[in-house]
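S.K.: Following this message is one structure expressed as structure tokens.
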Amino acid sequence: MKTLNFSFSTKLTFDDYVHDHSFALRIIPPDTESQKIISCSLNISPSVITKQTVDAFGNNVTAGYIHSDHRFLDFDIKGTAEVDSSKHNIFLMPCYLYQSEYTNPDDELKEFYSELKDNCTGKPSDRAVYFSDILSDLIEYKKGVTTTSTTAAEAFAMRAGVCQDFSHILISLLRMDGIPARYIAGLAFCDGETHSWVEYWTGDHWEGIDPANNCPVNDDYLVISMGRDFRDCAIDRGVMFGRYTQQLQLVRSVLT
Amino acid sequence: MTQQNIEQFTKPVGNANEINELLRRYGVKFGIYKNGVFNEQFFPFDPIPRVISSEDFKSIEKGLVQRVNALNEFLFDIYHDKNIVKDGVIPENFIYISKGYLAQCEGITPKNRIYSHISGIDLVQAKDGEWYILEDNLRIPSGASYPLIARELTRIAAPDAFSENEIVDNRNYAKLLKETMDYANCGGVSAILTPGRYNAAYFEHSYLAEHTGSVLVQNDELFVEDNILYHRTYSGGKTRIGVLYRRIADEYLDPLNFLPESLIGIPNLMEAYRSGNVGIINAPGNGVADDKGIYYFVPKMIKYYLGEEPILKNAPTYLPFYDNDMKYVMDNLGKLVIKDVAEAGGYGVVFGSDLTKEKLEEFRKTIIAEPRRFIAQEVIDFLDLPILNNGETVMRKADLRAFVLSGETTKVWASGLTRFSRNPDSFVVNSSQGGGFKDTWVLKTST
């Protein structure tokens with residue numbers, strides 16, 4: 001068990017005024033068996049009334065709407081959590097066994113899996129570790145070659161990507177192998193941005209694995225959101241109106 | 001009443017040209033996109049009514065209420081405990097591979113546990129008089145407005161027909177719909193959401209809004225604040241919406257929960273819905289229950305949830321997914337109709353008898369490669385109905401879309417949309433594929 005202090009901030013800026021801006025943030029970490037949220041405060045600017053719900057995947061959703069003109073949206077979160085990765089989450093949604101939009105394999109990825117599958121036997125945990133080992137040799141961790149809308153098949157074809165891409169490819173392989181798997185967005189000790197990793201179903205509980213670092217998930221990982229793939233987990237999603245041509249997003253996270 | 005007595009009703013009611021001219025004047029059209037171009041088409045009305053005896057209707061009514069109640073139970077189960085899968089009645093992957101299954105709807109319970117408020121169930125009558133269910137439409141079934149307005153206009157053109165015959169008045173559809181909407185209302189006004197006038201069923205959206213006293217809205221007038229759905233009024237104020245009868249597909253409904261590129265949805269609508277602050281008609285996620293692959297299991301659902309024998313039959317259906325059925329399909333492909341489960345609107349329907357030998361072999365391979373993608377059905381030799389074609393009576397294939405409304409109780413509208421095929425050899429009666437419609441008379445009492 002470990003106590004983690006976390007903080008996270010995002011700044012969205014627009015080069016012209018926007019209005020009728022609806023947003024949904026998945027930023028307040030969920031309380032689960034393996035993490036207890038001791039305290040958590042969220043600040044949003046410009047000031048706006050927000051409402052909390054819990055979505056189908058167990059994520060806290062903060063929804064808001066800004067009618068009047070504004071040129072930025074800042075939000076930051078600060079809190080303390082107790083993480084104990086030896087405690088297990090045991091609720092399985094059946095949909096995690098099935099491929100989703102970002103993880104759907106193409107022929108190349110399917111073929112890659114069929115070449116691997118004979119070498120990998122044993123428990124789901126052995127297979128997950130095996131796939132992660134293979135990916136860590138094969139895929140280069142490289143920023144700037146993929147975007148948030150890159151699929152597992154596209155990143156695999158480039159043999160390069162960031163944590164999100166490693167997660168999508170691993171999930172795709174696990175699901176092809178009959179192992180339910182889910183995408184996790186969160187904070188980890190290793191970087192100053194948000195991180196992503198994977199949880200797979202061992203047969204009776206969820207277990208974390210970090211394919212981008214090819215290591216198991218321990219008490220230094222704080223889950224912010226989870227789902228079938230990145231689409232269910234985006235930290236913020238928004239729709240706004242205006243003549244803006246670009247928006248800049250800055251993200252800073254600290255985990256101590 | 002015997003079939004023979006019913007056959008006395010083969011006379012046209014009113015003058016077809018006159019009624020069709022009135023329908024044109026009222027703007028009764030539906031739109032079709034073909035090769036990327038939007039065309040509005042007139043939906044031709046045939047003046048010879050389809051007549052259903054009172055006994056026949058009573059049995060159809062009982063069967064439809066039973067079927068829709070079971071489908072509603074199924075939707076609740078799938079988005080909660082999934083007992084029907086755990087008990088092995090439906091294989092798991094039929095649920096989760098279905099495009100209509102929306103994981104985002106897991107755990108949401110709509111008001112009064114009603115998912116399919118308006119169900120459009122397509123039936124055909126075989127030559128022996130037996131009725132068969134062809135498909136269930138539980139998402140946004142359209143078509144009720146066409147027979148409604150046709151009846152109104154026919155009453156004007158031929159008032160005697162309705163005073164001389166004992167026909168159940170069908171002008172209560174708007175009342176039934178309003179009751180259904182009110183029952184799903186979570187506090188606020190009723191609204192019908194249309195994607196706009198370039199939609200296939202725009203005429204219907206405006207017609208139903210007017211007749212149910214609902215506000216006809218488009219997405220740019222709506223917003224979610226405080227997890228409550230509001231309509232921005234012309235004066236700049238806001239009115240709370242308690243129930244939204246949306247005429248856009250699930251995937252476009254909320255760009256923050258479904259397709260992010262949707263320009264016709266309402267951001268955070270799902271948050272308002274999940275919070276119980278607005279009713280959505282029909283519930284998002286219903287597509288898992290009217291999937292052509294799930295159709296096969298509906299009779300099993302009726303037994304599972306209601307402990308009853310199904311009153312209405314499915315067309316004999318085979319799932320190539322099961323080995324026994326695959327063998328039958330392979331041996332009988334030439335006489336079966338094969339449907340692609342992902343397609344709708346009469347598309348993706350192939351009659352084995354229409355295929356050349358080479359095409360048949362090619363298709364065989366496709367089915368073997370993707371067994372879950374297809375269902376196969378016996379071709380039902382369904383009853384031809386008389387239609388007037390250039391002054392002559394000819395016989396054409398026709399189906400019946402019955403409308404079932406689920407509010408405090410489940411009710412079947414005593415009418416429906418009878419569609420017929422234009423082409424004498426065609427079994428496909430979907431309005432997107434040409435063809436026309438008839439008034440559907442349900443007789444009051446048996447004689």
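Simple scheme: letters A, B, ... for chains in structure tokens order, numbers from 1 for residues in each chain, numbers from 1 for ligands in the order shown.
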With the cut-off set at 10 Å and counting only C-alpha atoms, tabulate each residue of chain B with an atom at most that distance from an atom of chain A, showing the nearest atom pair and its distance in Å to one decimal, ordered by chain and increasing number, as a Markdown table.
M.R.:
| residue | atom | partner | partner_atom | distance |
| --- | --- | --- | --- | --- |
| B:Tyr79 | CA | A:Ala56 | CA | 9.7 |
| B:Lys82 | CA | A:Pro94 | CA | 9.7 |
| B:Glu92 | CA | A:Pro94 | CA | 8.3 |
| B:Asn93 | CA | A:Tyr98 | CA | 8.4 |
| B:Ile95 | CA | A:Cys95 | CA | 9.1 |
| B:Tyr96 | CA | A:Cys95 | CA | 6.1 |
| B:Ile97 | CA | A:Tyr98 | CA | 7.3 |
| B:Tyr101 | CA | A:Cys95 | CA | 9.5 |
| B:Leu102 | CA | A:Cys95 | CA | 9.5 |
| B:Ala103 | CA | A:Ala56 | CA | 6.9 |
| B:Gln104 | CA | A:Ala56 | CA | 5.3 |
| B:Cys105 | CA | A:Ala56 | CA | 6.4 |
| B:Glu106 | CA | A:Ala56 | CA | 5.2 |
| B:Gly107 | CA | A:Ala56 | CA | 6.3 |
| B:Ile108 | CA | A:Ala56 | CA | 7.9 |
| B:Asp220 | CA | A:Asp20 | CA | 9.8 |
| B:Phe223 | CA | A:Tyr65 | CA | 8.1 |
| B:Val224 | CA | A:Tyr65 | CA | 6.9 |
| B:Glu225 | CA | A:Tyr65 | CA | 5.6 |
| B:Asp226 | CA | A:Lys51 | CA | 5.7 |
| B:Asn227 | CA | A:Lys51 | CA | 6.4 |
| B:Ile228 | CA | A:Lys51 | CA | 9.8 |
| B:Pro255 | CA | A:Val239 | CA | 7.7 |
| B:Leu256 | CA | A:Arg237 | CA | 6.1 |
| B:Asn257 | CA | A:Asp232 | CA | 8.0 |
| B:Phe258 | CA | A:Arg231 | CA | 9.1 |
| B:Leu259 | CA | A:Arg231 | CA | 9.7 |
| B:Pro260 | CA | A:Val239 | CA | 8.7 |
| B:Glu261 | CA | A:Val239 | CA | 9.7 |
| B:Leu263 | CA | A:Val239 | CA | 9.7 |
| B:Ile266 | CA | A:Ser22 | CA | 9.2 |
| B:Pro267 | CA | A:Ser22 | CA | 6.2 |
| B:Asn268 | CA | A:Ala63 | CA | 7.0 |
| B:Met270 | CA | A:Asp55 | CA | 9.4 |
| B:Glu271 | CA | A:Thr53 | CA | 6.9 |
| B:Ala272 | CA | A:Thr53 | CA | 9.3 |
| B:Arg274 | CA | A:Thr53 | CA | 7.8 |
| B:Ser275 | CA | A:Thr53 | CA | 7.2 |
S.K.: Would you list, as JSON, numbers by chain, the residues of range 115-285 of chain B that end up in alpha helix (DSSP H) under DSSP run on this structure's backbone?
M.R.: {"B": [145, 146, 147, 148, 149, 150, 151, 152, 153, 154, 155, 156, 157, 159, 160, 161, 162, 163, 164, 173, 174, 175, 176, 177, 178, 179, 180, 181, 182, 183, 184, 202, 203, 204, 205, 206, 207, 208, 209, 210, 211, 212, 269, 270, 271, 272, 273, 274]}
S.K.: Residues at most 12 Å from range 128-130 of chain A, counting only C-alpha atoms, excluding those fewer than 3 positions away in the same chain, as a PyMOL selection string?
M.R.: chain A and resi 113+116-125+133-137+167+169-181+198-202+207-211+213-217
S.K.: Report, in Å with one decimal, the straight-line distance from CA of Phe420 in chain B to CA of Gly120 in chain B.
M.R.: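 Computed distance, CA of Phe420 in chain B to CA of Gly120 in chain B, equals 16.5 Å.
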S.K.: Rank nothing, just name the residue among B:Ser235, B:Ser190, B:Thr180, B:Gln377 nearest to Val350 in chain B, using only C-alpha atoms.
M.R.: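 The shortest atom-to-atom distance to Val350 in chain B comes from B:Gln377.
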S.K.: Quote the spacing between CA of Met158 in chain A and CA of Gly186 in chain A in Å to one decimal place.
M.R.: 24.9 Å
S.K.: Could you name the residues that touch Val124 in chain B at 8 Å or less, counting only C-alpha atoms, but leaving out those on the same chain fewer than 2 positions away, as a PDB file with N, CA and C atoms, in the first residue's frame?
M.R.:
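Written output follows (around29.pdb):
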ATOM      1  N   ASP B 122     -42.907  -5.917 -38.277  1.00  0.00           N
ATOM      2  CA  ASP B 122     -43.318  -6.256 -39.640  1.00  0.00           C
ATOM      3  C   ASP B 122     -43.811  -7.698 -39.708  1.00  0.00           C
ATOM      4  N   ALA B 126     -49.394 -15.547 -44.649  1.00  0.00           N
ATOM      5  CA  ALA B 126     -49.156 -16.578 -45.659  1.00  0.00           C
ATOM      6  C   ALA B 126     -50.468 -16.926 -46.350  1.00  0.00           C
ATOM      7  N   TRP B 131     -50.189 -15.762 -39.802  1.00  0.00           N
ATOM      8  CA  TRP B 131     -49.337 -14.562 -39.790  1.00  0.00           C
ATOM      9  C   TRP B 131     -47.950 -14.915 -39.276  1.00  0.00           C
ATOM     10  N   TYR B 132     -46.934 -14.339 -39.906  1.00  0.00           N
ATOM     11  CA  TYR B 132     -45.548 -14.559 -39.472  1.00  0.00           C
ATOM     12  C   TYR B 132     -44.870 -13.218 -39.196  1.00  0.00           C
ATOM     13  N   ILE B 133     -44.022 -13.207 -38.174  1.00  0.00           N
ATOM     14  CA  ILE B 133     -43.217 -12.013 -37.903  1.00  0.00           C
ATOM     15  C   ILE B 133     -42.023 -12.031 -38.855  1.00  0.00           C
ATOM     16  N   LEU B 134     -41.821 -10.916 -39.547  1.00  0.00           N
ATOM     17  CA  LEU B 134     -40.691 -10.817 -40.468  1.00  0.00           C
ATOM     18  C   LEU B 134     -39.501 -10.145 -39.800  1.00  0.00           C
ATOM     19  N   PHE B 382     -46.266 -15.510 -49.305  1.00  0.00           N
ATOM     20  CA  PHE B 382     -47.295 -14.724 -48.655  1.00  0.00           C
ATOM     21  C   PHE B 382     -48.361 -14.221 -49.601  1.00  0.00           C
ATOM     22  N   LEU B 383     -49.449 -13.898 -48.922  1.00  0.00           N
ATOM     23  CA  LEU B 383     -50.682 -13.544 -49.597  1.00  0.00           C
ATOM     24  C   LEU B 383     -50.473 -12.339 -50.510  1.00  0.00           C
ATOM     25  N   ALA B 398     -47.459  -7.998 -50.244  1.00  0.00           N
ATOM     26  CA  ALA B 398     -47.602  -6.899 -49.294  1.00  0.00           C
ATOM     27  C   ALA B 398     -47.251  -7.378 -47.897  1.00  0.00           C
ATOM     28  N   ASP B 399     -46.772  -6.460 -47.064  1.00  0.00           N
ATOM     29  CA  ASP B 399     -46.566  -6.804 -45.658  1.00  0.00           C
ATOM     30  C   ASP B 399     -47.366  -5.840 -44.800  1.00  0.00           C
ATOM     31  N   LEU B 400     -47.215  -5.973 -43.499  1.00  0.00           N
ATOM     32  CA  LEU B 400     -47.918  -5.082 -42.573  1.00  0.00           C
ATOM     33  C   LEU B 400     -46.940  -4.670 -41.485  1.00  0.00           C
TER      34      LEU B 400
END
S.K.: Tell me, as a compact mmCIF listing (two decimals) with N, CA and C atoms, in the first residue's frame, which residues lie within 10 Å of Asp204 in chain A, counting only C-alpha atoms; anything in the same chain fewer than 6 positions away does not count.
M.R.:
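Final output, out.txt:
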# COMPACT_ATOMS: atom_id res chain seq x y z
N HIS A 88 -7.74 -6.67 -5.41
CA HIS A 88 -8.17 -6.86 -6.80
C HIS A 88 -9.58 -6.39 -7.08
N ASN A 89 -9.74 -5.86 -8.28
CA ASN A 89 -11.08 -5.53 -8.76
C ASN A 89 -11.64 -6.76 -9.46
N ILE A 90 -12.89 -7.08 -9.15
CA ILE A 90 -13.41 -8.37 -9.61
C ILE A 90 -14.70 -8.25 -10.42
N PHE A 91 -15.00 -7.04 -10.91
CA PHE A 91 -16.21 -6.90 -11.74
C PHE A 91 -15.82 -6.91 -13.22
N LEU A 92 -16.35 -7.91 -13.94
CA LEU A 92 -16.01 -8.05 -15.36
C LEU A 92 -17.21 -7.70 -16.23
S.K.: If you count only C-alpha atoms, which residues fall within 8 Å of range 144-152 of chain B, apart from same-chain ones fewer than 2 positions away, as a list in words?
M.R.: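 Selected residues are Ile19, Leu23, Val28, Phe45, Ser142, Thr154, Arg155, Ile156, Asn170, Arg171, Tyr173, Glu204, Tyr207, Leu208, Phe403, Ser415, Gly416, Leu417, Phe437, Lys438, Asp439 and Thr440 of chain B.
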S.K.: Could you write those residues out with N, CA and C atoms, as an mmCIF file, in the first residue's frame?
M.R.:
data_model
loop_
_atom_site.group_PDB
_atom_site.id
_atom_site.type_symbol
_atom_site.label_atom_id
_atom_site.label_comp_id
_atom_site.auth_asym_id
_atom_site.auth_seq_id
_atom_site.Cartn_x
_atom_site.Cartn_y
_atom_site.Cartn_z
ATOM 1 N N ILE B 19 -57.094 11.198 -54.223
ATOM 2 C CA ILE B 19 -56.432 11.073 -52.914
ATOM 3 C C ILE B 19 -54.931 11.288 -53.053
ATOM 4 N N LEU B 23 -52.608 13.950 -51.170
ATOM 5 C CA LEU B 23 -51.394 13.583 -50.421
ATOM 6 C C LEU B 23 -50.224 14.441 -50.875
ATOM 7 N N VAL B 28 -46.944 14.716 -48.394
ATOM 8 C CA VAL B 28 -46.651 13.380 -47.868
ATOM 9 C C VAL B 28 -45.586 12.736 -48.749
ATOM 10 N N PHE B 45 -50.239 5.992 -52.921
ATOM 11 C CA PHE B 45 -51.309 5.390 -52.124
ATOM 12 C C PHE B 45 -52.194 4.562 -53.035
ATOM 13 N N SER B 142 -40.431 3.991 -38.601
ATOM 14 C CA SER B 142 -41.209 5.088 -39.153
ATOM 15 C C SER B 142 -42.390 4.531 -39.919
ATOM 16 N N THR B 154 -59.022 9.912 -47.133
ATOM 17 C CA THR B 154 -60.013 9.003 -47.713
ATOM 18 C C THR B 154 -61.387 9.269 -47.109
ATOM 19 N N ARG B 155 -61.408 9.602 -45.859
ATOM 20 C CA ARG B 155 -62.691 9.917 -45.221
ATOM 21 C C ARG B 155 -63.348 11.118 -45.873
ATOM 22 N N ILE B 156 -62.492 12.033 -46.336
ATOM 23 C CA ILE B 156 -63.022 13.214 -47.011
ATOM 24 C C ILE B 156 -63.515 12.820 -48.411
ATOM 25 N N ASN B 170 -58.936 4.633 -36.633
ATOM 26 C CA ASN B 170 -57.505 4.580 -36.305
ATOM 27 C C ASN B 170 -56.941 5.961 -36.006
ATOM 28 N N ARG B 171 -57.831 6.965 -35.894
ATOM 29 C CA ARG B 171 -57.306 8.320 -35.720
ATOM 30 C C ARG B 171 -56.803 8.576 -34.300
ATOM 31 N N TYR B 173 -54.047 7.345 -33.104
ATOM 32 C CA TYR B 173 -52.595 7.094 -32.982
ATOM 33 C C TYR B 173 -51.889 8.209 -32.219
ATOM 34 N N GLU B 204 -43.115 12.948 -41.545
ATOM 35 C CA GLU B 204 -43.680 12.296 -40.368
ATOM 36 C C GLU B 204 -43.328 13.027 -39.066
ATOM 37 N N TYR B 207 -45.521 16.046 -38.803
ATOM 38 C CA TYR B 207 -46.921 15.631 -38.644
ATOM 39 C C TYR B 207 -47.183 15.152 -37.214
ATOM 40 N N LEU B 208 -46.291 14.314 -36.697
ATOM 41 C CA LEU B 208 -46.493 13.767 -35.350
ATOM 42 C C LEU B 208 -46.319 14.829 -34.275
ATOM 43 N N PHE B 403 -47.857 -1.128 -35.334
ATOM 44 C CA PHE B 403 -47.223 -0.242 -34.355
ATOM 45 C C PHE B 403 -47.703 -0.601 -32.958
ATOM 46 N N SER B 415 -54.496 -0.531 -36.738
ATOM 47 C CA SER B 415 -54.312 -0.144 -38.134
ATOM 48 C C SER B 415 -52.908 -0.599 -38.476
ATOM 49 N N GLY B 416 -52.144 0.208 -39.131
ATOM 50 C CA GLY B 416 -50.776 -0.170 -39.472
ATOM 51 C C GLY B 416 -50.457 0.305 -40.866
ATOM 52 N N LEU B 417 -49.232 0.046 -41.257
ATOM 53 C CA LEU B 417 -48.787 0.460 -42.586
ATOM 54 C C LEU B 417 -48.685 -0.779 -43.459
ATOM 55 N N PHE B 437 -48.302 2.202 -50.586
ATOM 56 C CA PHE B 437 -48.951 1.768 -49.346
ATOM 57 C C PHE B 437 -50.467 1.817 -49.483
ATOM 58 N N LYS B 438 -51.122 1.152 -48.548
ATOM 59 C CA LYS B 438 -52.573 1.059 -48.510
ATOM 60 C C LYS B 438 -53.070 1.435 -47.135
ATOM 61 N N ASP B 439 -54.340 1.752 -47.083
ATOM 62 C CA ASP B 439 -54.971 1.897 -45.781
ATOM 63 C C ASP B 439 -55.185 0.478 -45.224
ATOM 64 N N THR B 440 -55.144 0.350 -43.905
ATOM 65 C CA THR B 440 -55.337 -0.950 -43.272
ATOM 66 C C THR B 440 -56.569 -0.863 -42.383
#
S.K.: List every residue of range 3-182 of chain A that DSSP, applied to the backbone of this structure, places in strand (DSSP E), and write the result as a PyMOL selection string.
M.R.: chain A and resi 3-25+35-45+50-54+60-66+70-83+140-141+160-161+181-182
S.K.: Please list as an mmCIF file with C-alpha atoms, in the first residue's frame every residue within 12 Å of Phe94 in chain B, counting only C-alpha atoms and excluding residues in the same chain fewer than 2 positions away.
M.R.:
data_model
loop_
_atom_site.group_PDB
_atom_site.id
_atom_site.type_symbol
_atom_site.label_atom_id
_atom_site.label_comp_id
_atom_site.auth_asym_id
_atom_site.auth_seq_id
_atom_site.Cartn_x
_atom_site.Cartn_y
_atom_site.Cartn_z
ATOM 1 C CA PRO A 94 -18.374 -9.101 -20.921
ATOM 2 C CA CYS A 95 -17.785 -6.465 -23.625
ATOM 3 C CA TYR A 98 -14.645 -8.172 -27.768
ATOM 4 C CA ILE B 78 -28.977 -7.323 -21.362
ATOM 5 C CA ILE B 84 -30.494 -14.932 -20.558
ATOM 6 C CA VAL B 85 -26.825 -15.243 -21.562
ATOM 7 C CA GLY B 88 -27.254 -20.297 -22.024
ATOM 8 C CA VAL B 89 -30.379 -19.309 -23.961
ATOM 9 C CA ILE B 90 -28.498 -16.864 -26.224
ATOM 10 C CA PRO B 91 -24.782 -17.268 -27.013
ATOM 11 C CA GLU B 92 -22.777 -14.387 -25.579
ATOM 12 C CA TYR B 96 -21.581 -8.244 -27.998
ATOM 13 C CA ILE B 97 -20.809 -8.498 -31.709
ATOM 14 C CA SER B 98 -24.121 -6.838 -32.529
ATOM 15 C CA LYS B 99 -23.642 -3.258 -33.697
ATOM 16 C CA GLY B 100 -26.805 -2.356 -31.844
ATOM 17 C CA TYR B 101 -25.334 -3.254 -28.449
ATOM 18 C CA VAL B 288 -29.273 -5.219 -29.805
ATOM 19 C CA ALA B 289 -32.847 -6.529 -29.684
ATOM 20 C CA ASP B 290 -33.871 -5.998 -33.310
ATOM 21 C CA ASP B 291 -30.647 -7.306 -34.766
ATOM 22 C CA LYS B 292 -31.507 -9.883 -37.442
ATOM 23 C CA GLY B 293 -29.318 -12.395 -35.590
ATOM 24 C CA ILE B 294 -31.283 -11.893 -32.356
ATOM 25 C CA TYR B 295 -34.629 -12.298 -34.183
ATOM 26 C CA TYR B 296 -34.043 -16.049 -34.159
ATOM 27 C CA PHE B 297 -34.074 -16.006 -30.361
ATOM 28 C CA LEU B 319 -28.402 -19.481 -38.111
ATOM 29 C CA PHE B 321 -23.561 -20.081 -36.709
ATOM 30 C CA TYR B 322 -24.974 -23.449 -35.568
ATOM 31 C CA VAL B 341 -27.628 -8.909 -40.239
ATOM 32 C CA PRO B 371 -21.375 -17.437 -40.442
ATOM 33 C CA ARG B 372 -22.372 -14.899 -37.799
ATOM 34 C CA ARG B 373 -23.060 -12.244 -40.463
ATOM 35 C CA PHE B 374 -26.067 -13.963 -42.035
#
S.K.: Please report the interatomic distance between CA of Ile167 in chain B and CA of Lys444 in chain B in Å with one decimal.
M.R.: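 Spanning CA of Ile167 in chain B to CA of Lys444 in chain B is a straight-line distance of 5.4 Å.
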S.K.: Could you check which of A:Asp84, A:Glu193, A:Glu108, A:Asp229 is closest to Lys36 in chain A, using only C-alpha atoms?
M.R.: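 Ranking A:Asp84, A:Glu193, A:Glu108, A:Asp229 by distance to Lys36 in chain A, first place goes to A:Asp84.
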